[in-house]
>>> print(open('data32.cif').read())   # mmCIF, C-alpha atoms
data_entry
#
loop_
_atom_site.label_atom_id
_atom_site.label_comp_id
_atom_site.auth_asym_id
_atom_site.auth_seq_id
_atom_site.Cartn_x
_atom_site.Cartn_y
_atom_site.Cartn_z
CA MET K 1 79.25 87.16 90.71
CA THR K 2 77.12 90.17 89.88
CA ARG K 3 79.02 92.74 87.88
CA MET K 4 79.32 96.21 89.36
CA PRO K 5 77.43 98.89 87.41
CA THR K 6 79.75 101.37 85.76
CA THR K 7 79.49 105.08 85.14
CA GLY K 8 80.56 104.93 81.53
CA PRO K 9 83.88 105.72 79.86
CA ASP K 10 83.71 109.44 80.64
CA VAL K 11 84.73 109.06 84.33
CA PRO K 12 88.22 107.56 84.55
CA ALA K 13 90.06 106.78 87.78
CA VAL K 14 93.61 107.64 88.84
CA VAL K 15 95.29 105.35 91.36
CA LEU K 16 98.00 107.38 93.11
CA ARG K 17 101.03 106.00 94.93
CA LEU K 18 103.99 108.17 95.89
CA ASP K 19 106.12 105.67 97.78
CA ARG K 20 108.84 103.66 96.07
CA ASN K 21 107.64 100.14 96.87
CA PRO K 22 107.46 98.14 93.60
CA PHE K 23 105.77 95.24 95.44
CA HIS K 24 102.73 97.17 96.68
CA HIS K 25 99.99 94.70 95.77
CA GLY K 26 97.22 97.04 96.90
CA THR K 27 97.86 99.25 93.87
CA LEU K 28 97.42 96.28 91.56
CA GLY K 29 94.26 95.31 93.44
CA ALA K 30 92.73 98.75 92.83
CA VAL K 31 93.63 98.67 89.13
CA ARG K 32 92.08 95.24 88.68
CA SER K 33 88.99 96.01 90.74
CA LEU K 34 88.04 99.08 88.71
CA GLY K 35 89.34 97.80 85.38
CA ARG K 36 87.22 94.66 85.57
CA ALA K 37 84.20 96.89 86.04
CA GLY K 38 84.94 98.69 82.78
CA VAL K 39 86.49 101.83 84.28
CA GLU K 40 89.40 103.51 82.45
CA VAL K 41 92.17 103.22 85.05
CA HIS K 42 95.36 105.27 85.22
CA ALA K 43 98.11 104.79 87.80
CA VAL K 44 100.87 107.04 89.07
CA VAL K 45 103.79 104.71 89.84
CA GLU K 46 107.47 104.89 90.70
CA SER K 47 108.79 103.19 87.57
CA ALA K 48 107.71 102.04 84.14
CA ARG K 49 109.01 98.61 85.20
CA SER K 50 106.61 98.33 88.13
CA PRO K 51 104.65 95.02 87.95
CA VAL K 52 101.36 96.95 88.01
CA THR K 53 102.17 98.44 84.60
CA ARG K 54 101.82 94.93 83.11
CA SER K 55 98.16 94.64 84.05
CA ARG K 56 95.72 94.32 81.16
CA TYR K 57 93.30 96.46 83.20
CA LEU K 58 95.60 99.50 83.34
CA HIS K 59 94.84 102.02 80.62
CA ARG K 60 98.01 104.06 81.17
CA ALA K 61 100.88 104.36 83.66
CA HIS K 62 102.20 107.80 84.62
CA VAL K 63 105.70 107.64 86.10
CA ARG K 64 106.34 110.11 88.90
CA PRO K 65 109.63 112.06 88.81
CA PRO K 66 112.49 110.88 91.04
CA GLY K 67 113.19 112.40 94.42
CA ASP K 68 110.93 114.10 96.94
CA LEU K 69 107.99 116.16 95.74
CA CYS K 70 107.35 119.58 97.22
CA PRO K 71 103.69 120.72 97.28
CA ASP K 72 104.01 122.64 94.01
CA ALA K 73 105.70 119.70 92.27
CA PHE K 74 102.99 117.35 93.55
CA VAL K 75 100.24 119.54 92.16
CA GLU K 76 102.12 119.95 88.88
CA LEU K 77 102.46 116.17 88.60
CA LEU K 78 98.73 115.58 89.00
CA LEU K 79 97.71 118.46 86.76
CA GLY K 80 99.95 116.98 84.07
CA VAL K 81 98.23 113.61 84.49
CA SER K 82 94.87 115.36 84.19
CA GLU K 83 95.94 117.10 80.99
CA ARG K 84 96.91 113.76 79.45
CA ILE K 85 93.61 112.17 80.46
CA GLY K 86 91.63 115.10 79.13
CA ARG K 87 88.70 115.02 81.59
CA ARG K 88 87.92 114.98 85.29
CA ALA K 89 88.79 111.74 87.09
CA VAL K 90 88.28 110.03 90.44
CA LEU K 91 91.53 110.25 92.46
CA ILE K 92 92.36 107.36 94.83
CA ALA K 93 95.31 107.52 97.24
CA MET K 94 97.06 104.20 97.93
CA ASP K 95 99.62 105.31 100.53
CA ASP K 96 99.61 107.72 103.47
CA LEU K 97 101.75 110.36 101.79
CA SER K 98 99.38 110.44 98.81
CA ALA K 99 96.34 110.76 101.09
CA LEU K 100 97.93 113.58 103.09
CA SER K 101 99.11 115.39 99.96
CA ILE K 102 95.65 115.27 98.40
CA ALA K 103 94.04 116.59 101.59
CA ALA K 104 96.57 119.42 101.87
CA GLN K 105 96.24 120.47 98.22
CA ALA K 106 92.52 119.79 97.79
CA PRO K 107 91.57 123.34 96.69
CA ARG K 108 94.15 123.22 93.87
CA LEU K 109 93.04 119.77 92.67
CA ALA K 110 89.25 119.92 93.03
CA SER K 111 88.59 121.29 89.53
CA ARG K 112 90.39 118.34 87.90
CA PHE K 113 89.73 115.42 90.26
CA VAL K 114 86.96 113.94 92.39
CA PHE K 115 87.89 112.72 95.88
CA PRO K 116 86.22 112.63 99.31
CA GLU K 117 85.61 116.03 100.85
CA GLN K 118 87.39 116.18 104.19
CA ALA K 119 87.64 118.51 107.12
CA ALA K 120 90.95 120.36 106.86
CA ASP K 121 92.79 118.23 109.45
CA ALA K 122 90.81 114.95 109.45
CA THR K 123 93.32 112.96 107.39
CA ALA K 124 96.38 114.33 109.20
CA ALA K 125 94.84 113.64 112.62
CA LEU K 126 94.40 109.97 111.76
CA ALA K 127 97.83 109.52 110.15
CA ASP K 128 99.74 111.29 112.92
CA LYS K 129 100.49 108.71 115.65
CA GLU K 130 100.63 111.32 118.41
CA GLU K 131 97.29 112.85 117.40
CA LEU K 132 95.81 109.35 117.22
CA VAL K 133 96.54 108.80 120.92
CA ARG K 134 94.46 111.86 121.82
CA LEU K 135 91.71 110.93 119.36
CA CYS K 136 91.39 107.44 120.89
CA ALA K 137 91.11 108.97 124.35
CA ARG K 138 88.27 111.26 123.25
CA ALA K 139 86.43 108.44 121.43
CA GLY K 140 86.85 105.91 124.24
CA ILE K 141 88.87 103.50 122.09
CA ALA K 142 91.40 101.19 123.72
CA HIS K 143 94.98 102.05 122.74
CA PRO K 144 98.35 100.81 124.04
CA GLU K 145 99.81 102.99 126.79
CA THR K 146 102.00 105.54 125.02
CA ILE K 147 104.59 108.08 126.21
CA VAL K 148 105.98 110.97 124.15
CA PRO K 149 109.34 111.75 125.77
CA GLY K 150 110.67 115.29 125.81
CA SER K 151 114.29 114.34 126.45
CA ALA K 152 116.65 111.38 126.29
CA ALA K 153 116.30 110.99 130.06
CA GLU K 154 112.52 110.84 129.72
CA ALA K 155 112.91 108.20 127.02
CA ALA K 156 114.94 106.04 129.41
CA ALA K 157 112.37 106.64 132.16
CA ALA K 158 109.59 105.54 129.78
CA VAL K 159 111.36 102.21 129.36
CA ARG K 160 111.29 101.66 133.11
CA ARG K 161 107.59 102.52 133.23
CA LEU K 162 106.42 100.56 130.19
CA GLY K 163 108.80 97.62 130.50
CA LEU K 164 110.83 95.81 127.87
CA PRO K 165 110.51 95.19 125.05
CA LEU K 166 108.52 98.20 123.91
CA ILE K 167 107.52 99.70 120.57
CA ALA K 168 109.05 102.90 119.20
CA LYS K 169 107.17 104.87 116.53
CA TRP K 170 107.74 108.16 114.78
CA SER K 171 104.63 110.30 114.93
CA ARG K 172 104.79 111.27 111.25
CA PRO K 173 106.43 108.33 109.47
CA TRP K 174 105.83 109.76 106.01
CA LEU K 175 108.54 112.35 106.77
CA LEU K 176 111.27 109.72 107.22
CA ASP K 177 114.15 109.96 104.79
CA PRO K 178 115.16 106.43 103.68
CA ARG K 179 118.80 107.54 103.77
CA THR K 180 118.67 107.79 107.58
CA GLY K 181 118.00 104.07 107.96
CA LEU K 182 115.27 104.84 110.52
CA ARG K 183 112.18 102.63 110.47
CA SER K 184 108.67 103.91 111.13
CA THR K 185 108.21 101.26 113.84
CA SER K 186 110.89 99.36 115.74
CA LEU K 187 111.32 97.15 118.79
CA VAL K 188 113.28 98.68 121.70
CA THR K 189 115.12 96.28 124.01
CA SER K 190 117.13 98.63 126.29
CA PRO K 191 117.00 102.14 127.80
CA ALA K 192 120.12 103.08 125.85
CA GLU K 193 118.38 102.19 122.60
CA ALA K 194 115.42 104.44 123.50
CA GLU K 195 117.82 107.29 124.26
CA ARG K 196 119.64 106.83 120.94
CA LEU K 197 116.36 106.96 119.03
CA PHE K 198 115.27 110.13 120.81
CA ARG K 199 118.54 111.85 119.87
CA ARG K 200 117.73 111.17 116.20
CA SER K 201 114.38 113.00 116.35
CA GLY K 202 115.80 115.79 114.21
CA GLU K 203 116.65 113.32 111.46
CA ALA K 204 113.22 111.72 111.69
CA GLY K 205 111.41 115.03 111.31
CA SER K 206 108.79 114.21 113.95
CA ARG K 207 108.38 113.22 117.59
CA LEU K 208 109.25 109.82 119.06
CA LEU K 209 106.50 107.73 120.66
CA LEU K 210 107.25 104.86 123.06
CA GLN K 211 104.42 102.36 123.37
CA ARG K 212 103.73 99.35 125.56
CA HIS K 213 104.38 96.16 123.65
CA LEU K 214 101.41 93.83 123.23
CA PRO K 215 102.62 90.26 122.76
CA ASP K 216 101.56 88.43 119.63
CA GLY K 217 99.49 85.29 119.92
CA PRO K 218 96.93 83.13 118.09
CA HIS K 219 93.87 85.17 117.03
CA SER K 220 95.41 88.39 118.40
CA ASP K 221 95.78 90.55 115.26
CA TRP K 222 92.70 92.03 113.58
CA PHE K 223 91.93 94.72 111.03
CA PHE K 224 89.01 96.72 109.70
CA HIS K 225 88.40 98.10 106.22
CA GLY K 226 85.53 100.41 105.40
CA TYR K 227 84.32 103.10 103.05
CA PHE K 228 82.54 106.05 104.65
CA SER K 229 80.34 108.41 102.62
CA ARG K 230 79.92 112.18 102.82
CA ALA K 231 77.65 111.68 105.85
CA SER K 232 80.31 109.41 107.44
CA LEU K 233 78.05 106.40 106.89
CA CYS K 234 79.78 103.05 106.40
CA LEU K 235 78.57 101.91 102.98
CA LEU K 236 80.80 98.83 102.96
CA GLY K 237 83.08 97.43 105.64
CA GLY K 238 84.35 94.32 107.31
CA THR K 239 86.64 92.94 109.99
CA GLY K 240 89.34 90.36 109.44
CA ARG K 241 91.94 88.36 111.31
CA LYS K 242 95.60 88.41 110.39
CA GLU K 243 96.88 84.83 110.19
CA LEU K 244 100.35 85.55 108.75
CA ALA K 245 102.35 88.78 108.78
CA TRP K 246 105.61 89.96 107.25
CA PRO K 247 107.74 90.73 109.15
CA PRO K 248 106.29 88.19 111.62
CA GLU K 249 104.24 89.58 114.52
CA ALA K 250 104.37 93.23 113.44
CA GLY K 251 104.20 93.54 109.66
CA LEU K 252 101.68 93.73 106.86
CA THR K 253 99.03 91.10 106.27
CA ALA K 254 100.52 88.18 104.37
CA LYS K 255 97.42 86.04 104.93
CA GLY K 256 94.12 87.27 106.30
CA ARG K 257 90.64 85.90 106.79
CA TRP K 258 87.28 87.72 106.80
CA GLN K 259 85.80 87.14 110.24
CA HIS K 260 83.16 89.08 112.15
CA ASN K 261 84.30 90.96 115.26
CA ASP K 262 81.69 93.31 116.72
CA GLU K 263 84.13 94.91 119.16
CA VAL K 264 86.60 95.85 116.41
CA ARG K 265 83.85 97.14 114.14
CA GLY K 266 82.33 99.20 116.95
CA ALA K 267 85.68 100.84 117.67
CA ALA K 268 86.10 101.71 113.98
CA LEU K 269 82.68 103.35 113.84
CA ARG K 270 83.39 105.38 116.99
CA LEU K 271 86.69 106.58 115.54
CA VAL K 272 85.01 107.83 112.37
CA ALA K 273 82.20 109.48 114.33
CA GLN K 274 84.77 111.31 116.47
CA SER K 275 87.07 112.35 113.61
CA GLY K 276 84.47 113.06 110.91
CA TYR K 277 86.62 111.22 108.37
CA ARG K 278 85.22 110.40 104.93
CA GLY K 279 86.66 107.90 102.49
CA VAL K 280 88.41 104.55 102.79
CA LEU K 281 89.93 103.60 106.13
CA ASP K 282 92.24 100.74 107.18
CA LEU K 283 92.69 100.03 110.91
CA ASP K 284 94.93 97.55 112.75
CA PHE K 285 94.07 96.12 116.18
CA ARG K 286 95.72 93.69 118.60
CA ARG K 287 93.98 91.86 121.42
CA ASP K 288 95.59 92.63 124.76
CA PRO K 289 96.09 89.39 126.72
CA ALA K 290 95.83 91.45 129.91
CA GLY K 291 92.08 92.01 130.01
CA GLY K 292 91.20 91.00 126.46
CA ALA K 293 90.59 94.48 125.00
CA TYR K 294 91.17 95.06 121.28
CA ARG K 295 93.61 97.97 121.18
CA LEU K 296 93.94 100.17 118.11
CA LEU K 297 97.55 100.09 116.88
CA ASP K 298 97.51 101.94 113.59
CA VAL K 299 95.30 103.90 111.21
CA ASN K 300 95.77 104.32 107.47
CA PRO K 301 93.48 106.93 105.85
CA ARG K 302 93.36 105.01 102.55
CA PRO K 303 92.82 101.43 101.31
CA GLY K 304 94.99 98.81 102.94
CA ALA K 305 96.95 96.52 100.66
CA GLN K 306 94.63 93.59 101.48
CA PHE K 307 91.38 95.50 100.84
CA ARG K 308 90.22 92.97 98.21
CA LEU K 309 89.58 90.48 101.03
CA PHE K 310 86.34 92.35 101.71
CA THR K 311 84.62 91.72 98.39
CA ASP K 312 80.90 91.05 98.80
CA GLU K 313 78.65 88.82 96.74
CA CYS K 314 78.04 91.64 94.23
CA GLY K 315 81.79 92.03 93.64
CA LEU K 316 81.96 95.32 95.55
CA ASP K 317 84.96 96.31 97.64
CA VAL K 318 85.87 99.61 99.32
CA VAL K 319 87.57 101.01 96.19
CA ARG K 320 84.60 100.26 93.94
CA SER K 321 82.24 101.66 96.60
CA LEU K 322 84.24 104.90 96.72
CA TYR K 323 84.18 105.16 92.92
CA LEU K 324 80.41 104.62 92.69
CA ASP K 325 79.63 107.04 95.52
CA LEU K 326 81.87 109.83 94.21
CA THR K 327 80.39 109.55 90.72
CA GLY K 328 76.82 109.83 92.01
CA ARG K 329 75.82 106.20 91.63
CA PRO K 330 74.11 104.15 94.37
CA VAL K 331 76.27 101.65 96.24
CA PRO K 332 74.36 98.34 96.28
CA SER K 333 74.04 96.45 99.54
CA ALA K 334 74.86 92.76 99.37
CA PRO K 335 75.70 89.97 101.83
CA GLY K 336 79.29 89.71 102.93
CA ARG K 337 81.47 86.65 102.54
CA PRO K 338 82.93 85.73 105.96
CA GLY K 339 85.55 83.02 105.69
CA ARG K 340 87.05 84.47 102.52
CA VAL K 341 90.88 84.44 102.53
CA PHE K 342 93.43 86.89 101.13
CA VAL K 343 97.03 85.82 100.45
CA ALA K 344 99.98 87.98 99.37
CA GLU K 345 102.01 85.16 97.85
CA ASN K 346 105.52 86.59 98.22
CA TYR K 347 105.10 87.77 101.82
CA ALA K 348 103.11 84.71 102.89
CA LEU K 349 105.94 82.46 101.76
CA LEU K 350 108.51 84.45 103.75
CA SER K 351 106.26 84.55 106.81
CA ALA K 352 105.54 80.83 106.71
CA LEU K 353 109.26 80.07 106.50
CA ALA K 354 110.36 82.51 109.20
CA GLY K 355 107.43 82.59 111.61
CA PRO K 356 106.57 80.25 114.49
CA ARG K 357 104.97 76.94 113.64
CA ARG K 358 101.31 76.81 114.60
CA PRO K 359 98.95 73.88 114.19
CA PRO K 360 96.65 74.14 111.15
CA GLN K 361 93.09 75.18 111.92
CA ARG K 362 90.02 73.35 110.79
CA ARG K 363 87.88 75.36 108.42
CA SER K 364 84.15 75.41 108.80
CA ARG K 365 81.83 75.16 105.83
CA ALA K 366 81.21 78.92 106.09
CA ALA K 367 84.95 79.50 105.77
CA ARG K 368 85.18 77.86 102.36
CA ARG K 369 84.38 81.05 100.48
CA GLY K 370 87.37 81.19 98.20
CA VAL K 371 90.84 82.69 98.19
CA GLU K 372 91.90 86.04 96.73
CA THR K 373 95.57 86.16 95.79
CA ALA K 374 97.36 89.49 95.65
CA TRP K 375 99.36 88.85 92.49
CA PHE K 376 98.15 85.83 90.55
CA ALA K 377 94.93 86.10 88.55
CA GLY K 378 93.90 83.85 85.69
CA ASP K 379 92.64 86.80 83.67
CA ASP K 380 95.71 88.98 84.36
CA VAL K 381 98.88 86.87 84.62
CA LEU K 382 101.61 89.29 83.56
CA PRO K 383 101.83 91.28 86.84
CA PHE K 384 102.44 88.03 88.73
CA LEU K 385 105.22 87.05 86.36
CA ALA K 386 106.79 90.51 86.57
CA MET K 387 106.62 90.49 90.37
CA THR K 388 108.16 87.03 90.55
CA ALA K 389 111.05 88.01 88.28
CA ALA K 390 111.71 91.21 90.24
CA TRP K 391 111.44 89.38 93.57
CA LEU K 392 113.96 86.74 92.47
CA ARG K 393 116.33 89.43 91.18
CA ARG K 394 116.20 91.23 94.51
CA GLY K 395 116.82 87.99 96.39
CA LEU K 396 119.76 87.15 94.12
CA VAL K 397 121.33 90.56 94.65
CA LYS K 398 120.94 90.35 98.44
CA GLY K 399 122.31 86.81 98.47
CA THR K 400 125.30 87.82 96.37
CA ASP K 401 126.05 90.74 98.69
CA ARG K 402 126.04 88.41 101.70
CA VAL K 403 128.44 85.85 100.26
CA ARG K 404 130.75 88.30 98.45
CA PRO K 405 134.14 88.23 100.23
CA LEU K 406 135.41 91.39 101.84
CA PRO K 407 138.24 93.14 100.02
CA ARG K 408 141.68 92.17 101.25
CA ARG K 409 143.20 94.67 103.63
CA ARG K 410 146.08 96.55 102.11
CA PRO K 411 149.29 96.91 104.10
CA ALA K 412 149.35 100.07 106.19
CA PRO K 413 151.33 102.85 104.53
CA PRO K 414 154.47 104.11 106.27
CA PRO K 415 154.00 107.09 108.60
CA ALA K 416 153.76 110.34 106.69
CA ALA K 417 156.12 113.20 107.17
CA PRO K 418 154.78 116.00 109.35
CA GLU K 419 154.24 118.29 106.38
CA ALA K 420 152.40 115.62 104.32
CA ASP K 421 148.66 115.71 103.72
CA THR K 422 147.67 112.83 106.05
CA GLU K 423 143.95 113.66 105.72
CA GLY K 424 144.03 112.60 102.06
CA ALA K 425 145.72 109.32 102.99
CA ARG K 426 143.06 108.59 105.62
CA THR K 427 140.31 109.29 103.11
CA ALA K 428 141.83 106.92 100.57
CA SER K 429 142.17 104.19 103.19
CA CYS K 430 138.48 104.55 104.19
CA THR K 431 137.42 104.44 100.56
CA THR K 432 139.03 101.01 100.21
CA TRP K 433 136.46 99.58 102.68
CA GLN K 434 133.35 101.32 101.39
#
>>> encode(input="data32.cif", output="structure tokens")
Amino acid sequence: MTRMPTTGPDVPAVVLRLDRNPFHHGTLGAVRSLGRAGVEVHAVVESARSPVTRSRYLHRAHVRPPGDLCPDAFVELLLGVSERIGRRAVLIAMDDLSALSIAAQAPRLASRFVFPEQAADATAALADKEELVRLCARAGIAHPETIVPGSAAEAAAAVRRLGLPLIAKWSRPWLLDPRTGLRSTSLVTSPAEAERLFRRSGEAGSRLLLQRHLPDGPHSDWFFHGYFSRASLCLLGGTGRKELAWPPEAGLTAKGRWQHNDEVRGAALRLVAQSGYRGVLDLDFRRDPAGGAYRLLDVNPRPGAQFRLFTDECGLDVVRSLYLDLTGRPVPSAPGRPGRVFVAENYALLSALAGPRRPPQRRSRAARRGVETAWFAGDDVLPFLAMTAAWLRRGLVKGTDRVRPLPRRRPAPPPAAPEADTEGARTASCTTWQ
């Protein structure tokens, strides 16, 4: 493999992730990709115990403060990271909230960091599910039929129009508070369920979308990754097929394969041309069995967790391409590697155990291009070991919670006198079962 040219030690990179997922393998992929090329890599992570902090390619981890970050706190966090680094750095968002926060605060960060210059609303328009519907219509991109109800009654009517099951999405999922228990995407199986979700719109912080469900099937799920320059030119990109997902049928890519798909690639290029977006883009498509169109399901204005699948024969991926382009270096053009496979070991295992059994597929000679694993790497073993230990601990805790017997019910207290404080007694009784 040809080694990527570097810009020297004076241009570090900061990999930014604001969500709380300790098993986000895309962050580790970015650290390894740049670190192997000799770049000084910093990462903003949720905890000093995150598996990514064990990577030999990470120069320094910067732990974000707990809780939500208001705009001023977000800027203060990154300016503090910049002060510790001591020089301007390339800033790379690894989740939607990070990408949106950078775009919103770009004027306050531009003197300390280098990142793609965007139109004011380009990132938000792609991340917002409701805006994406309108963008697809303007660009002529197939998209599942979607209804944005204005009332609970309209939500129930949408069920009758779209049929069951259907998909419910919140238009701005990055605003969801984990304490609500609401999921960014869920399967709706009754009109009453659609009505209940609509009534929780205030908790969600954004509008509810109800979308026609496209059934899963062999060869139905596809994705596109690409890096687009200042002129919105695709300097590196590829299409892939999702072979395993977690959760099954609707989750992240647990196993994917690089495979050419001109229709998916064409839709991605039209979307960028319409939106004017610059930077790394991750798109998800599903083939509609009714007519065969590839319909755009989701857009992430940042690298997807499986971006390392699209590593060409020069060792370039979308993160390295972004780094080279933003630091004024040419991005070499090299042949792709169709047939290459990406596996997220922990999620692939769960998917293989829980998903439907499908006959193994014969691999052509062109498909034998190697496997990229999300966690294990012979030159960087500690993150894999840390992930495995944390994964097993989480499984043990969940298993213990499931088998732990319920507390024995205490005998009901005798009726209280009229003047007694019965509210306190009720509170104590409820506390027993919490």
>>> resolve_selection(input="data32.cif", expression="the PyMOL selection byres ((chain K and resi 80) around 12)", output="JSON, numbers by chain")
{"K": [44, 62, 63, 64, 65, 73, 74, 75, 76, 77, 78, 79, 81, 82, 83, 84, 85, 86, 87, 109, 112]}
>>> write_last_selection(input="data32.cif", atoms="C-alpha atoms", output="short mmCIF file (atom, residue, chain, number, x, y, z; two decimals), in the coordinates of the input")
data_model
loop_
_atom_site.label_atom_id
_atom_site.label_comp_id
_atom_site.auth_asym_id
_atom_site.auth_seq_id
_atom_site.Cartn_x
_atom_site.Cartn_y
_atom_site.Cartn_z
CA VAL K 44 100.87 107.04 89.07
CA HIS K 62 102.20 107.80 84.62
CA VAL K 63 105.70 107.64 86.10
CA ARG K 64 106.34 110.11 88.90
CA PRO K 65 109.63 112.06 88.81
CA ALA K 73 105.70 119.70 92.27
CA PHE K 74 102.99 117.35 93.55
CA VAL K 75 100.24 119.54 92.16
CA GLU K 76 102.12 119.95 88.88
CA LEU K 77 102.46 116.17 88.60
CA LEU K 78 98.73 115.58 89.00
CA LEU K 79 97.71 118.46 86.76
CA VAL K 81 98.23 113.61 84.49
CA SER K 82 94.87 115.36 84.19
CA GLU K 83 95.94 117.10 80.99
CA ARG K 84 96.91 113.76 79.45
CA ILE K 85 93.61 112.17 80.46
CA GLY K 86 91.63 115.10 79.13
CA ARG K 87 88.70 115.02 81.59
CA LEU K 109 93.04 119.77 92.67
CA ARG K 112 90.39 118.34 87.90
#
>>> residues_near_point(input="data32.cif", point="(102.8, 110.6, 113.7)", cutoff="12 Å", atoms="only C-alpha atoms", output="PyMOL selection string")
chain K and resi 96-97+123-134+148+168-176+184-185+204-210+298-300
>>> closest_residue(input="data32.cif", among="K:Leu197, K:Leu182, K:Leu350, K:Ala273", to="K:Lys255", atoms="all atoms listed in the file")
K:Leu350
>>> resolve_selection(input="data32.cif", expression="the PyMOL selection byres ((chain K and resi 190) around 10)", output="PyMOL selection string")
chain K and resi 156+159-160+163-166+187-189+191-195
>>> axis_aligned_box(input="data32.cif", around="stretch 373-388 of chain K", padding_each_side="6 Å", output="JSON")
{"center_x": 100.4, "center_y": 87.6, "center_z": 89.7, "size_x": 27.5, "size_y": 19.4, "size_z": 24.2}
>>> atom_distance(input="data32.cif", atom1="atom CA of K:Phe115", atom2="atom CA of K:Gly279")
8.3 Å
>>> resolve_selection(input="data32.cif", expression="the PyMOL selection byres ((chain K and resi 225) around 6)", output="ChimeraX atom specification")
/K:224,226,237-238,281-282
>>> closest_residue(input="data32.cif", among="K:Arg179, K:Arg161, K:Arg36, K:Arg393", to="K:Pro149", atoms="only C-alpha atoms")
K:Arg161
>>> atom_distance(input="data32.cif", atom1="atom CA of K:Val15", atom2="atom CA of K:Ile102")
12.2 Å
>>> closest_residue(input="data32.cif", among="K:Trp258, K:Trp391, K:Phe376, K:Tyr347", to="K:Phe310", atoms="all atoms listed in the file")
K:Trp258
>>> atom_distance(input="data32.cif", atom1="atom CA of K:Arg241", atom2="atom CA of K:Trp375")
20.2 Å
>>> closest_residue(input="data32.cif", among="K:Val318, K:Val52, K:Ile141, K:Ala153", to="K:His25", atoms="only C-alpha atoms")
K:Val52
>>> closest_residue(input="data32.cif", among="K:Ala137, K:Ile92, K:Gly315, K:Ala110", to="K:Arg270", atoms="all atoms listed in the file")
K:Ala137
>>> build_atoms(input="data32.cif", residues="stretch 235-246 of chain K", atoms="N, CA and C atoms", output="PDB file, in the coordinates of the input")
ATOM      1  N   LEU K 235      79.304 102.545 104.073  1.00  0.00           N
ATOM      2  CA  LEU K 235      78.570 101.910 102.980  1.00  0.00           C
ATOM      3  C   LEU K 235      79.047 100.497 102.711  1.00  0.00           C
ATOM      4  N   LEU K 236      80.284 100.197 103.074  1.00  0.00           N
ATOM      5  CA  LEU K 236      80.800  98.830 102.960  1.00  0.00           C
ATOM      6  C   LEU K 236      81.961  98.708 103.931  1.00  0.00           C
ATOM      7  N   GLY K 237      81.994  97.617 104.685  1.00  0.00           N
ATOM      8  CA  GLY K 237      83.080  97.430 105.640  1.00  0.00           C
ATOM      9  C   GLY K 237      83.095  96.013 106.173  1.00  0.00           C
ATOM     10  N   GLY K 238      84.224  95.644 106.739  1.00  0.00           N
ATOM     11  CA  GLY K 238      84.350  94.320 107.310  1.00  0.00           C
ATOM     12  C   GLY K 238      85.548  94.223 108.235  1.00  0.00           C
ATOM     13  N   THR K 239      85.526  93.208 109.088  1.00  0.00           N
ATOM     14  CA  THR K 239      86.640  92.940 109.990  1.00  0.00           C
ATOM     15  C   THR K 239      87.301  91.624 109.597  1.00  0.00           C
ATOM     16  N   GLY K 240      88.600  91.554 109.802  1.00  0.00           N
ATOM     17  CA  GLY K 240      89.340  90.360 109.440  1.00  0.00           C
ATOM     18  C   GLY K 240      90.417  90.045 110.449  1.00  0.00           C
ATOM     19  N   ARG K 241      90.890  88.815 110.407  1.00  0.00           N
ATOM     20  CA  ARG K 241      91.940  88.360 111.310  1.00  0.00           C
ATOM     21  C   ARG K 241      93.207  88.094 110.512  1.00  0.00           C
ATOM     22  N   LYS K 242      94.312  88.600 111.025  1.00  0.00           N
ATOM     23  CA  LYS K 242      95.600  88.410 110.390  1.00  0.00           C
ATOM     24  C   LYS K 242      96.180  87.064 110.826  1.00  0.00           C
ATOM     25  N   GLU K 243      96.366  86.162 109.871  1.00  0.00           N
ATOM     26  CA  GLU K 243      96.880  84.830 110.190  1.00  0.00           C
ATOM     27  C   GLU K 243      98.388  84.724 109.953  1.00  0.00           C
ATOM     28  N   LEU K 244      98.904  85.474 108.987  1.00  0.00           N
ATOM     29  CA  LEU K 244     100.350  85.550 108.750  1.00  0.00           C
ATOM     30  C   LEU K 244     100.707  87.004 108.501  1.00  0.00           C
ATOM     31  N   ALA K 245     101.878  87.414 108.978  1.00  0.00           N
ATOM     32  CA  ALA K 245     102.350  88.780 108.780  1.00  0.00           C
ATOM     33  C   ALA K 245     103.801  88.760 108.346  1.00  0.00           C
ATOM     34  N   TRP K 246     104.199  89.796 107.586  1.00  0.00           N
ATOM     35  CA  TRP K 246     105.610  89.960 107.250  1.00  0.00           C
ATOM     36  C   TRP K 246     106.015  91.411 107.437  1.00  0.00           C
TER      37      TRP K 246
END
